[in-house]
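Participant: So here's coords14.cif (mmCIF, C-alpha atoms and all ligand atoms).
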data_run
#
loop_
_atom_site.label_atom_id
_atom_site.label_comp_id
_atom_site.auth_asym_id
_atom_site.auth_seq_id
_atom_site.Cartn_x
_atom_site.Cartn_y
_atom_site.Cartn_z
CA LEU A 24 -32.30 -8.48 26.44
CA SER A 25 -29.00 -9.63 25.04
CA ARG A 26 -25.55 -9.04 26.44
CA PHE A 27 -24.90 -7.47 23.04
CA SER A 28 -27.74 -4.92 23.29
CA LYS A 29 -25.47 -2.16 24.53
CA LEU A 30 -23.09 -2.48 21.62
CA GLN A 31 -23.08 0.56 19.38
CA PRO A 32 -23.50 -0.42 15.73
CA VAL A 33 -20.31 -0.07 13.72
CA ARG A 34 -20.38 2.19 10.72
CA ALA A 35 -19.07 0.21 7.77
CA SER A 36 -15.71 1.52 6.61
CA GLY A 37 -15.96 4.27 3.94
CA PRO A 38 -14.98 2.58 0.68
CA PHE A 39 -16.69 -0.70 1.52
CA ALA A 40 -19.98 0.96 2.53
CA LEU A 41 -19.99 3.08 -0.59
CA ASP A 42 -19.20 0.04 -2.69
CA ALA A 43 -22.36 -1.61 -1.35
CA THR A 44 -24.37 1.50 -2.35
CA PHE A 45 -22.77 1.32 -5.78
CA ARG A 46 -23.74 -2.31 -6.22
CA ALA A 47 -27.33 -1.54 -5.31
CA ASP A 48 -27.51 1.39 -7.74
CA PRO A 49 -29.58 0.21 -10.74
CA ASP A 50 -28.41 3.00 -13.07
CA SER A 51 -26.67 1.60 -16.15
CA LYS A 52 -24.28 4.56 -16.42
CA LYS A 53 -22.84 4.05 -12.93
CA VAL A 54 -19.05 4.14 -12.53
CA ASN A 55 -17.09 2.78 -9.56
CA LEU A 56 -13.96 4.81 -8.77
CA LEU A 57 -13.81 3.62 -5.16
CA ILE A 58 -12.03 0.39 -4.63
CA GLY A 59 -8.32 -0.20 -4.77
CA ALA A 60 -8.24 -3.21 -7.06
CA TYR A 61 -7.05 -3.35 -10.65
CA ARG A 62 -9.60 -3.60 -13.46
CA ASP A 63 -8.84 -4.31 -17.13
CA GLY A 64 -9.83 -2.14 -20.08
CA GLU A 65 -13.38 -3.52 -19.91
CA GLY A 66 -13.68 -2.84 -16.18
CA ASN A 67 -13.30 -6.48 -15.10
CA PRO A 68 -10.98 -8.05 -12.50
CA TRP A 69 -7.82 -9.30 -14.18
CA GLN A 70 -5.81 -12.42 -13.52
CA LEU A 71 -2.17 -11.72 -14.29
CA THR A 72 -0.78 -13.84 -17.14
CA SER A 73 2.16 -14.82 -14.92
CA VAL A 74 -0.23 -15.95 -12.18
CA ALA A 75 -2.39 -17.98 -14.57
CA ASN A 76 0.73 -19.74 -15.84
CA ALA A 77 2.13 -20.22 -12.34
CA LYS A 78 -1.04 -22.06 -11.35
CA LYS A 79 -0.58 -24.45 -14.26
CA THR A 80 2.88 -25.38 -12.99
CA LEU A 81 1.64 -26.09 -9.45
CA LYS A 82 -0.25 -29.33 -10.23
CA ILE A 83 -2.73 -28.18 -7.66
CA GLU A 84 -4.89 -31.33 -7.83
CA THR A 85 -2.12 -33.35 -6.20
CA CYS A 86 -0.78 -30.77 -3.70
CA ASN A 87 -1.24 -31.58 -0.04
CA HIS A 88 -2.48 -28.99 2.45
CA GLU A 89 0.01 -29.24 5.29
CA TYR A 90 0.64 -26.28 7.58
CA LEU A 91 3.39 -23.94 6.49
CA PRO A 92 6.13 -23.46 9.10
CA LEU A 93 5.25 -20.65 11.55
CA VAL A 94 7.61 -18.28 9.79
CA GLY A 95 5.80 -18.93 6.49
CA SER A 96 7.12 -20.21 3.18
CA ILE A 97 10.92 -19.99 3.30
CA GLU A 98 11.17 -19.80 -0.51
CA LEU A 99 8.65 -16.99 -0.66
CA LEU A 100 10.44 -15.06 2.08
CA GLU A 101 13.77 -15.27 0.31
CA ALA A 102 12.27 -14.06 -2.94
CA ALA A 103 10.28 -11.36 -1.15
CA ARG A 104 13.40 -10.04 0.55
CA GLU A 105 15.28 -9.93 -2.70
CA LEU A 106 12.45 -7.88 -4.17
CA VAL A 107 12.64 -5.30 -1.38
CA PHE A 108 16.37 -5.01 -0.82
CA GLY A 109 17.86 -6.21 -4.10
CA ASP A 110 20.66 -8.80 -4.40
CA GLU A 111 23.53 -6.42 -3.87
CA LEU A 112 22.37 -4.97 -0.54
CA LEU A 113 21.32 -8.39 0.72
CA GLN A 114 24.97 -9.46 0.52
CA GLN A 115 25.66 -6.96 3.30
CA ALA A 116 22.72 -8.00 5.44
CA ASN A 117 24.50 -10.75 7.41
CA ASN A 118 21.50 -12.07 9.32
CA SER A 119 20.42 -8.58 10.31
CA ILE A 120 17.01 -8.94 8.62
CA ALA A 121 14.06 -10.71 10.22
CA SER A 122 11.25 -11.86 7.90
CA ILE A 123 7.92 -13.62 8.31
CA GLN A 124 5.13 -14.33 5.88
CA THR A 125 1.99 -12.39 6.84
CA ILE A 126 -1.67 -12.09 6.00
CA SER A 127 -0.79 -9.62 3.28
CA GLY A 128 0.03 -5.98 3.98
CA THR A 129 -2.68 -5.57 6.61
CA GLY A 130 -1.31 -8.49 8.62
CA ALA A 131 2.23 -7.11 8.37
CA ASN A 132 1.08 -3.69 9.59
CA SER A 133 -0.77 -5.31 12.50
CA VAL A 134 2.14 -7.48 13.60
CA ILE A 135 4.64 -4.63 13.49
CA ALA A 136 2.31 -2.35 15.48
CA GLN A 137 2.03 -4.97 18.22
CA PHE A 138 5.74 -5.68 18.09
CA ALA A 139 6.56 -1.97 18.39
CA GLN A 140 4.28 -1.47 21.37
CA THR A 141 5.50 -4.57 23.18
CA HIS A 142 9.21 -4.48 22.48
CA LEU A 143 10.24 -1.01 21.32
CA HIS A 144 7.95 1.24 23.41
CA PRO A 145 7.85 4.28 21.13
CA ALA A 146 6.00 7.25 22.67
CA ASN A 147 4.43 8.08 19.30
CA ILE A 148 3.64 6.60 15.93
CA TRP A 149 3.77 9.30 13.26
CA LEU A 150 1.30 8.71 10.44
CA PRO A 151 1.01 10.83 7.31
CA ASP A 152 -1.99 13.12 7.10
CA PRO A 153 -3.81 11.79 5.16
CA THR A 154 -3.04 8.09 4.98
CA TRP A 155 -4.73 4.77 4.19
CA GLU A 156 -7.60 4.92 6.67
CA ASN A 157 -6.92 1.44 8.05
CA HIS A 158 -3.60 2.63 9.52
CA TYR A 159 -5.51 4.44 12.26
CA SER A 160 -7.53 1.34 13.22
CA ILE A 161 -4.56 -0.99 12.97
CA TRP A 162 -2.59 1.13 15.46
CA ASP A 163 -5.66 1.64 17.67
CA GLN A 164 -6.30 -2.07 17.91
CA ASN A 165 -2.76 -3.39 18.07
CA ALA A 166 -0.85 -0.67 19.87
CA PRO A 167 -3.28 1.37 21.99
CA ASN A 168 -0.46 2.56 24.27
CA VAL A 169 1.38 4.25 21.44
CA THR A 170 0.08 7.77 20.80
CA GLN A 171 -0.96 8.42 17.21
CA ARG A 172 0.42 11.65 15.78
CA ARG A 173 0.05 12.95 12.25
CA TYR A 174 2.66 14.69 10.15
CA PRO A 175 1.56 17.00 7.33
CA TYR A 176 1.67 15.31 3.95
CA TYR A 177 -0.67 17.14 1.62
CA ASN A 178 -0.84 20.75 0.60
CA ASP A 179 -4.46 21.40 -0.22
CA CYS A 180 -3.93 24.77 -1.89
CA ASP A 181 -1.69 23.51 -4.69
CA ARG A 182 -2.35 19.77 -4.31
CA SER A 183 1.31 19.04 -3.69
CA PHE A 184 3.32 16.93 -1.26
CA ASP A 185 3.89 19.11 1.83
CA PHE A 186 7.57 18.29 2.27
CA GLN A 187 8.37 21.44 4.28
CA GLY A 188 5.43 20.85 6.61
CA MET A 189 6.41 17.23 7.17
CA MET A 190 10.04 18.05 7.93
CA ARG A 191 9.19 20.97 10.22
CA VAL A 192 6.78 18.97 12.36
CA LEU A 193 9.07 15.94 12.62
CA GLN A 194 12.08 18.13 13.31
CA GLU A 195 10.25 19.92 16.12
CA ASP A 196 8.09 17.22 17.67
CA ALA A 197 9.39 13.73 16.89
CA GLN A 198 11.26 12.19 19.79
CA GLU A 199 14.06 9.68 19.77
CA ASN A 200 12.68 6.13 19.38
CA ASP A 201 9.32 7.29 17.96
CA ALA A 202 7.95 5.17 15.12
CA ILE A 203 7.15 6.72 11.76
CA LEU A 204 5.13 5.24 8.93
CA LEU A 205 6.23 6.02 5.37
CA HIS A 206 4.57 4.81 2.18
CA ALA A 207 7.35 3.21 0.12
CA CYS A 208 5.80 4.42 -3.15
CA ALA A 209 2.43 5.40 -4.62
CA HIS A 210 1.13 7.07 -1.48
CA ASN A 211 -2.48 6.12 -0.75
CA PRO A 212 -4.62 8.25 -1.01
CA THR A 213 -2.75 11.23 -2.52
CA GLY A 214 -0.66 9.60 -5.26
CA LEU A 215 2.16 11.97 -4.22
CA ASP A 216 5.62 10.63 -3.37
CA PRO A 217 8.77 12.41 -2.19
CA THR A 218 11.45 13.00 -4.83
CA ARG A 219 14.75 11.17 -4.38
CA GLU A 220 16.32 14.34 -2.95
CA GLN A 221 13.47 14.60 -0.47
CA TRP A 222 13.82 10.93 0.49
CA GLN A 223 17.49 11.62 1.20
CA GLU A 224 16.56 14.39 3.62
CA ILE A 225 13.89 12.24 5.26
CA ALA A 226 16.47 9.48 5.77
CA ILE A 227 18.91 11.93 7.36
CA LEU A 228 16.19 13.10 9.74
CA CYS A 229 15.16 9.55 10.68
CA ASN A 230 18.80 8.64 11.25
CA GLU A 231 19.54 11.69 13.40
CA LYS A 232 16.36 11.36 15.43
CA LYS A 233 16.83 7.58 15.77
CA LEU A 234 13.28 6.91 14.60
CA PHE A 235 11.98 3.41 13.99
CA VAL A 236 10.81 3.55 10.39
CA ILE A 237 7.95 1.46 9.04
CA PHE A 238 7.65 1.33 5.27
CA ASP A 239 4.25 0.33 4.00
CA SER A 240 4.98 -1.19 0.61
CA ALA A 241 1.72 -2.10 -1.06
CA TYR A 242 2.50 -1.00 -4.63
CA GLN A 243 6.04 -2.07 -5.56
CA GLY A 244 6.20 -2.44 -9.33
CA PHE A 245 2.61 -1.39 -9.65
CA ALA A 246 3.41 2.33 -9.36
CA SER A 247 6.04 2.84 -12.04
CA GLY A 248 5.95 -0.59 -13.70
CA ASP A 249 9.53 -1.12 -12.47
CA LEU A 250 10.19 -3.16 -9.32
CA ASP A 251 13.60 -1.63 -8.63
CA ARG A 252 12.54 1.94 -9.13
CA ASP A 253 9.65 1.54 -6.70
CA ALA A 254 12.02 0.06 -4.08
CA TRP A 255 14.41 3.00 -4.27
CA ALA A 256 13.46 4.66 -0.98
CA MET A 257 13.66 1.44 1.07
CA ARG A 258 17.06 0.59 -0.41
CA HIS A 259 18.28 4.10 0.24
CA PHE A 260 17.36 3.79 3.92
CA PHE A 261 19.15 0.44 4.08
CA ARG A 262 22.39 2.21 3.17
CA TYR A 263 22.27 3.91 6.57
CA PRO A 264 23.51 0.98 8.68
CA ASN A 265 21.88 2.27 11.84
CA ILE A 266 18.44 3.15 10.54
CA GLU A 267 16.37 0.21 11.73
CA PHE A 268 13.19 -0.23 9.77
CA ALA A 269 10.34 -2.54 8.96
CA VAL A 270 8.78 -3.24 5.57
CA CYS A 271 5.13 -4.29 5.35
CA GLN A 272 5.10 -5.94 1.96
CA SER A 273 1.87 -6.71 0.15
CA PHE A 274 1.47 -8.83 -2.98
CA SER A 275 -2.20 -7.94 -3.34
CA LYS A 276 -1.79 -5.35 -6.06
CA ASN A 277 1.44 -6.21 -7.83
CA LEU A 278 0.47 -9.89 -8.25
CA GLY A 279 -3.29 -9.28 -8.29
CA LEU A 280 -3.61 -11.81 -5.44
CA TYR A 281 -5.96 -9.65 -3.36
CA GLY A 282 -8.12 -12.36 -1.84
CA GLU A 283 -5.29 -14.82 -1.32
CA ARG A 284 -3.66 -12.58 1.31
CA VAL A 285 0.01 -12.89 0.42
CA GLY A 286 2.56 -10.66 2.09
CA ALA A 287 5.60 -10.43 4.29
CA LEU A 288 7.01 -8.41 7.13
CA HIS A 289 10.71 -7.67 7.17
CA VAL A 290 12.60 -5.92 9.94
CA ALA A 291 16.03 -4.60 9.02
CA THR A 292 17.91 -4.37 12.30
CA SER A 293 21.21 -2.48 12.69
CA ARG A 294 23.83 -3.62 10.20
CA THR A 295 26.63 -2.74 12.62
CA CYS A 296 25.42 -4.65 15.66
CA SER A 297 27.27 -7.84 16.54
CA PRO A 298 25.81 -10.37 16.84
CA PRO A 299 23.02 -9.23 14.49
CA ALA A 300 19.52 -9.08 15.99
CA GLY A 301 17.66 -10.50 12.97
CA GLN A 302 17.03 -13.98 14.28
CA CYS A 303 15.91 -12.84 17.71
CA VAL A 304 13.49 -10.31 16.24
CA GLN A 305 12.14 -12.96 13.87
CA GLY A 306 11.32 -15.17 16.84
CA HIS A 307 9.28 -12.38 18.40
CA LEU A 308 7.43 -11.63 15.17
CA ILE A 309 6.51 -15.31 14.92
CA ASP A 310 5.42 -15.26 18.53
CA ILE A 311 3.04 -12.33 17.96
CA GLN A 312 1.60 -13.75 14.77
CA ARG A 313 1.13 -17.15 16.41
CA SER A 314 -1.64 -15.79 18.62
CA MET A 315 -3.28 -13.87 15.78
CA CYS A 316 -3.45 -16.54 13.09
CA SER A 317 -0.60 -19.03 13.65
CA MET A 318 0.77 -18.75 10.13
CA ALA A 319 -0.11 -17.13 6.82
CA PRO A 320 -1.98 -19.06 4.09
CA LEU A 321 -0.41 -21.51 1.70
CA PHE A 322 -2.06 -21.24 -1.71
CA GLY A 323 -1.15 -17.65 -2.52
CA ALA A 324 2.38 -18.28 -1.25
CA ARG A 325 2.72 -21.14 -3.73
CA VAL A 326 1.57 -18.98 -6.62
CA ALA A 327 3.72 -15.99 -5.63
CA THR A 328 6.80 -18.15 -5.12
CA ALA A 329 6.43 -19.67 -8.58
CA VAL A 330 6.14 -16.25 -10.22
CA LEU A 331 9.03 -14.76 -8.27
CA LEU A 332 11.41 -17.69 -8.67
CA GLN A 333 10.75 -19.23 -12.08
CA PRO A 334 12.62 -17.08 -14.64
CA ASP A 335 10.04 -17.40 -17.43
CA LEU A 336 7.17 -16.50 -15.09
CA ARG A 337 9.16 -13.63 -13.63
CA GLU A 338 9.61 -12.21 -17.14
CA MET A 339 5.87 -12.54 -17.74
CA TRP A 340 5.26 -10.74 -14.46
CA LYS A 341 7.38 -7.78 -15.54
CA THR A 342 5.17 -7.46 -18.60
CA ASP A 343 2.05 -7.77 -16.42
CA LEU A 344 3.31 -4.91 -14.24
CA GLU A 345 3.87 -2.79 -17.31
CA VAL A 346 0.39 -3.63 -18.58
CA MET A 347 -1.26 -2.60 -15.29
CA SER A 348 0.78 0.53 -14.62
CA GLY A 349 0.58 1.45 -18.31
CA ARG A 350 -3.20 1.23 -18.39
CA ILE A 351 -3.44 3.36 -15.26
CA LYS A 352 -1.15 6.01 -16.71
CA ALA A 353 -3.16 5.96 -19.94
CA MET A 354 -6.37 6.52 -17.95
CA ARG A 355 -4.79 9.44 -16.07
CA LYS A 356 -3.92 10.99 -19.41
CA ALA A 357 -7.33 10.26 -20.93
CA LEU A 358 -9.18 11.89 -18.03
CA TYR A 359 -6.83 14.86 -18.05
CA ASP A 360 -7.21 15.30 -21.84
CA GLU A 361 -11.00 15.22 -21.63
CA LEU A 362 -11.05 17.84 -18.86
CA VAL A 363 -8.75 20.06 -20.93
CA ILE A 364 -10.92 19.65 -24.03
CA LEU A 365 -13.98 20.57 -21.98
CA ARG A 366 -12.09 23.55 -20.50
CA THR A 367 -13.18 22.42 -17.07
CA ARG A 368 -12.63 25.08 -14.43
CA GLY A 369 -9.42 24.63 -12.41
CA THR A 370 -6.10 22.96 -13.17
CA TRP A 371 -5.84 19.21 -13.66
CA GLU A 372 -2.13 18.50 -14.27
CA HIS A 373 -2.00 16.81 -10.88
CA ILE A 374 -4.02 13.91 -12.27
CA VAL A 375 -1.18 13.01 -14.65
CA GLU A 376 1.58 13.92 -12.23
CA GLN A 377 0.39 11.74 -9.34
CA THR A 378 1.43 8.10 -9.26
CA GLY A 379 -0.05 4.70 -8.43
CA MET A 380 -3.60 3.51 -8.29
CA PHE A 381 -5.19 6.67 -6.93
CA SER A 382 -5.60 10.32 -7.65
CA TYR A 383 -6.50 12.94 -5.12
CA THR A 384 -8.61 15.02 -7.47
CA GLY A 385 -9.17 18.02 -5.22
CA LEU A 386 -12.94 17.64 -5.70
CA ARG A 387 -14.84 18.84 -2.63
CA GLU A 388 -17.26 16.78 -0.61
CA HIS A 389 -20.37 18.46 -2.03
CA GLN A 390 -19.07 17.87 -5.56
CA VAL A 391 -18.41 14.22 -4.75
CA ALA A 392 -21.98 13.94 -3.44
CA GLU A 393 -23.37 15.48 -6.62
CA LEU A 394 -21.27 13.14 -8.77
CA GLN A 395 -22.84 10.23 -6.96
CA ASP A 396 -26.43 11.50 -6.71
CA VAL A 397 -26.79 12.98 -10.18
CA TYR A 398 -24.26 11.10 -12.32
CA HIS A 399 -23.88 7.79 -10.45
CA VAL A 400 -20.10 8.26 -10.39
CA TYR A 401 -18.79 6.97 -7.05
CA LEU A 402 -15.63 8.21 -5.32
CA LEU A 403 -14.50 8.78 -1.75
CA PRO A 404 -15.67 11.96 0.04
CA SER A 405 -11.99 13.03 0.17
CA GLY A 406 -12.06 13.30 -3.63
CA ARG A 407 -9.86 10.22 -4.07
CA ILE A 408 -10.51 8.26 -7.24
CA SER A 409 -9.16 4.86 -8.18
CA LEU A 410 -7.94 5.18 -11.74
CA CYS A 411 -8.66 1.48 -12.22
CA GLY A 412 -12.37 2.23 -12.46
CA LEU A 413 -11.86 4.28 -15.63
CA THR A 414 -12.12 2.70 -19.07
CA ALA A 415 -12.09 3.99 -22.65
CA ALA A 416 -15.88 3.50 -22.55
CA ASN A 417 -16.59 5.63 -19.46
CA VAL A 418 -13.84 8.25 -19.25
CA LYS A 419 -15.68 10.82 -21.37
CA TYR A 420 -18.80 10.40 -19.27
CA VAL A 421 -16.80 10.79 -16.03
CA ALA A 422 -15.03 13.90 -17.36
CA ARG A 423 -18.35 15.50 -18.35
CA ALA A 424 -19.77 14.71 -14.93
CA ILE A 425 -16.75 16.30 -13.20
CA HIS A 426 -17.04 19.26 -15.57
CA SER A 427 -20.67 19.80 -14.55
CA VAL A 428 -20.06 19.61 -10.79
CA VAL A 429 -17.16 22.06 -10.77
CA ALA A 430 -18.82 24.54 -13.14
N1 LIG B 1 -1.20 -0.35 2.80
C1 LIG B 1 -1.73 0.46 1.90
C2 LIG B 1 -1.18 1.84 1.77
C3 LIG B 1 -2.77 0.03 1.09
O1 LIG B 1 -3.27 0.86 0.18
C4 LIG B 1 -3.26 -1.29 1.23
C5 LIG B 1 -4.38 -1.79 0.39
N2 LIG B 1 -5.41 -0.96 0.18
C6 LIG B 1 -2.65 -2.11 2.19
C7 LIG B 1 -1.63 -1.61 2.96
C8 LIG B 1 -3.03 -3.51 2.52
O2 LIG B 1 -3.58 -4.30 1.58
P1 LIG B 1 -3.49 -5.89 1.74
O3 LIG B 1 -3.83 -6.22 3.14
O4 LIG B 1 -4.45 -6.41 0.76
O5 LIG B 1 -2.08 -6.22 1.41
#
Just give me the structure of the file as structure tokens.
Facilitator:
Amino acid sequence: LSRFSKLQPVRASGPFALDATFRADPDSKKVNLLIGAYRDGEGNPWQLTSVANAKKTLKIETCNHEYLPLVGSIELLEAARELVFGDELLQQANNSIASIQTISGTGANSVIAQFAQTHLHPANIWLPDPTWENHYSIWDQNAPNVTQRRYPYYNDCDRSFDFQGMMRVLQEDAQENDAILLHACAHNPTGLDPTREQWQEIAILCNEKKLFVIFDSAYQGFASGDLDRDAWAMRHFFRYPNIEFAVCQSFSKNLGLYGERVGALHVATSRTCSPPAGQCVQGHLIDIQRSMCSMAPLFGARVATAVLLQPDLREMWKTDLEVMSGRIKAMRKALYDELVILRTRGTWEHIVEQTGMFSYTGLREHQVAELQDVYHVYLLPSGRISLCGLTAANVKYVARAIHSVVA
């Protein structure tokens, strides 16, 4: 008998377990629409041109491997802040913003959950329904004393963003000092974002209710191809001097640095408080992260800093973002066009209207199962597809498979 015998086996998390099934599937027609990582037109992982060139400038053979400071790379943090808030708003920040480098977006989400539980004591964390499935575990593990609540986000009948539902529930049930998680852009998994007018109303509500806002920003620049456009909501909230909010910033997707784990956590504290709380909060963020992992990794920070700060690389990066977001939009259109040509039952405009890496297709669980079993096309049971898995070579096949399962 082992002390571990009583442990219940853990079910592997959805997308990762399905990905293993996909890998083991010997069928040559198989298509992977599961995983949230960019693929090029041939279906292969893609190193951004800006990243490849950044690595050449690093002279990596002669770099040492010292620890970063606990806060992370100072240069990276400055550039990362500028990306979120923009130069103009940063002028008004006056030490009100705390920032630390994190183990990508997941690390930032984990640190802010612990920080919120320990120092802010919200009664509830409001998560969108649905959301990235890891949000539930991150809050479970890091902030078990904060009650998880869900606000409506998705209207199943017309596959739209449920703005009314969200506002009603928050208006009625959110309490002062509750925390709320908002996806900064390219909502995962629905691909549906609030309009600017809706963001304005959400900001008013958060301000009135004195909510602590947490923006999860995993797709800046990747959604629209434009870094400023994708930062609009966060910058809008910053204009309310008393909305205090965190930004969990990931460079996994927009720099294609998935495995290098590059990210940052920023906390914008009140812009009217004197003295500003930024530095004090930063100390606490460092303190929490110290026990988790001491500090974030160095290599990815070096690469990201070079791309963000060297003007020629930054220009290349803008083109890279347009290449990635452009290919995804083209694949949305290609899938939509094929379904229209086939006269597939139902309406499919939502595929082109949604934004970011994913589409919530509206396919039902039994249809998803049939796609996998009969056609070897893999997607999540929720009907979420990653557009990155589509290529010119497989989109017709995928459309025909969808056509057959909804017929
Ligand atoms: N938030 C959201 C909404 C995501 O989709 C992801 C990646 N799937 C992340 C955070 C975190 O990714 P990473 O830890 O690689 O930055």
Participant: In Å to one decimal, how far is atom CA of Glu376 of chain A from atom CA of Gly128 of chain A?
Facilitator: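 Interatomic distance, atom CA of Gly128 of chain A to atom CA of Glu376 of chain A: 25.7 Å.
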Participant: Compare A:Phe322, A:Tyr90, A:Phe138, A:Tyr177 by their minimum atom-to-atom distance to Tyr383 of chain A, counting only C-alpha atoms, and give me the closest one.
Facilitator: A:Tyr177
Participant: Find, counting all atoms listed in the file, the residue in A:Leu280, A:Leu332, A:Val134, A:Cys316 that gets nearest to ligand LIG 1 (chain B).
Facilitator: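 Among A:Leu280, A:Leu332, A:Val134, A:Cys316, it is A:Leu280 that comes nearest to ligand LIG 1 (chain B).
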Participant: Excluding Lys276 of chain A and residues on its chain fewer than 4 positions from it, collect all residues at most 9 Å away from it, counting only C-alpha atoms, and give them as a ChimeraX atom specification.
Facilitator: /A:59-61,241-243,245,280-281
Participant: Between atom CA of Arg219 of chain A and atom CA of Ala103 of chain A, what is the distance, to one decimal in Å?
Facilitator: 23.2 Å
Participant: Compile a residue-level contact table for chain A against ligand LIG 1 (chain B) at a cut-off of 8 Å, reporting for every qualifying residue the shortest atom pair and its distance in Å to one decimal, with all atoms listed in the file counted, rows ordered by chain and ascending number, as a tab-separated table.
Facilitator:
residue	atom	partner	partner_atom	distance
A:Gly59	CA	B:LIG1	N2	5.8
A:Ile126	CA	B:LIG1	O3	6.9
A:Ser127	CA	B:LIG1	O5	4.1
A:Gly128	CA	B:LIG1	O5	3.3
A:Thr129	CA	B:LIG1	O3	3.7
A:Gly130	CA	B:LIG1	O3	6.4
A:Asn132	CA	B:LIG1	C7	7.5
A:Thr154	CA	B:LIG1	C2	7.3
A:Trp155	CA	B:LIG1	C2	5.2
A:Asn157	CA	B:LIG1	C7	7.9
A:His158	CA	B:LIG1	N1	7.7
A:His206	CA	B:LIG1	C2	6.5
A:His210	CA	B:LIG1	C2	6.6
A:Asn211	CA	B:LIG1	C2	5.1
A:Pro212	CA	B:LIG1	O1	7.6
A:Asp239	CA	B:LIG1	N1	5.6
A:Ser240	CA	B:LIG1	N1	6.6
A:Ala241	CA	B:LIG1	N1	5.1
A:Tyr242	CA	B:LIG1	O1	7.7
A:Cys271	CA	B:LIG1	C7	7.7
A:Gln272	CA	B:LIG1	O5	7.2
A:Ser273	CA	B:LIG1	O5	4.2
A:Phe274	CA	B:LIG1	O5	6.2
A:Ser275	CA	B:LIG1	O4	4.9
A:Lys276	CA	B:LIG1	O4	7.4
A:Tyr281	CA	B:LIG1	O4	5.5
A:Gly282	CA	B:LIG1	O4	7.5
A:Arg284	CA	B:LIG1	O4	6.2
A:Val285	CA	B:LIG1	O5	7.1
A:Gly286	CA	B:LIG1	O5	6.5
Participant: Excluding Gln194 of chain A and its own-chain neighbours fewer than 4 positions away, which residues fall within 12 Å of it when counting all atoms listed in the file? Please give them as a PyMOL selection string.
Facilitator: chain A and resi 174+186-190+198-199+224-225+227-234
Participant: So how far away is atom CA of Ala139 of chain A from atom CA of Gln171 of chain A, in Å?
Facilitator: 12.9 Å
Participant: Compile the contact shell of Asp343 of chain A as a PyMOL selection string: residues with an atom at most 12 Å away, counting all atoms listed in the file, same-chain residues fewer than 3 positions apart removed.
Facilitator: chain A and resi 61+63+69-75+244-245+248-250+276-279+330+336-340+346-350
Participant: Tell me which of A:Pro92, A:Gly214, A:Pro320, A:Pro38 sits closest to Pro404 of chain A, counting all atoms listed in the file.
Facilitator: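 Ranked by minimum distance to Pro404 of chain A, first place goes to A:Pro38.
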Participant: Near Leu205 of chain A, within 9 Å and counting all atoms listed in the file, which residues show up once chain neighbours fewer than 2 positions away are dropped, as a PyMOL selection string?
Facilitator: chain A and resi 149-151+203+207-208+210+236-240
Participant: Take segment 404-415 of chain A, model N, CA and C atoms, and hand the result over as a short mmCIF file (atom, residue, chain, number, x, y, z; two decimals), keeping the file's coordinate frame.
Facilitator:
data_model
loop_
_atom_site.label_atom_id
_atom_site.label_comp_id
_atom_site.auth_asym_id
_atom_site.auth_seq_id
_atom_site.Cartn_x
_atom_site.Cartn_y
_atom_site.Cartn_z
N PRO A 404 -15.38 10.56 -0.32
CA PRO A 404 -15.67 11.96 0.04
C PRO A 404 -14.42 12.85 0.01
N SER A 405 -13.23 12.24 0.20
CA SER A 405 -11.99 13.03 0.17
C SER A 405 -11.64 13.47 -1.25
N GLY A 406 -12.38 12.97 -2.25
CA GLY A 406 -12.06 13.30 -3.63
C GLY A 406 -11.09 12.31 -4.26
N ARG A 407 -10.78 11.23 -3.53
CA ARG A 407 -9.86 10.22 -4.07
C ARG A 407 -10.58 9.36 -5.10
N ILE A 408 -9.97 9.22 -6.27
CA ILE A 408 -10.51 8.26 -7.24
C ILE A 408 -9.50 7.14 -7.46
N SER A 409 -10.01 5.95 -7.73
CA SER A 409 -9.16 4.86 -8.18
C SER A 409 -9.19 4.90 -9.70
N LEU A 410 -8.01 5.09 -10.29
CA LEU A 410 -7.94 5.18 -11.74
C LEU A 410 -8.37 3.89 -12.41
N CYS A 411 -8.31 2.78 -11.65
CA CYS A 411 -8.66 1.48 -12.22
C CYS A 411 -10.11 1.42 -12.67
N GLY A 412 -10.95 2.25 -12.09
CA GLY A 412 -12.37 2.23 -12.46
C GLY A 412 -12.65 2.92 -13.79
N LEU A 413 -11.65 3.60 -14.35
CA LEU A 413 -11.86 4.28 -15.63
C LEU A 413 -11.57 3.34 -16.79
N THR A 414 -12.36 3.47 -17.85
CA THR A 414 -12.12 2.70 -19.07
C THR A 414 -12.32 3.64 -20.27
N ALA A 415 -11.88 3.18 -21.45
CA ALA A 415 -12.09 3.99 -22.65
C ALA A 415 -13.58 4.28 -22.81
#
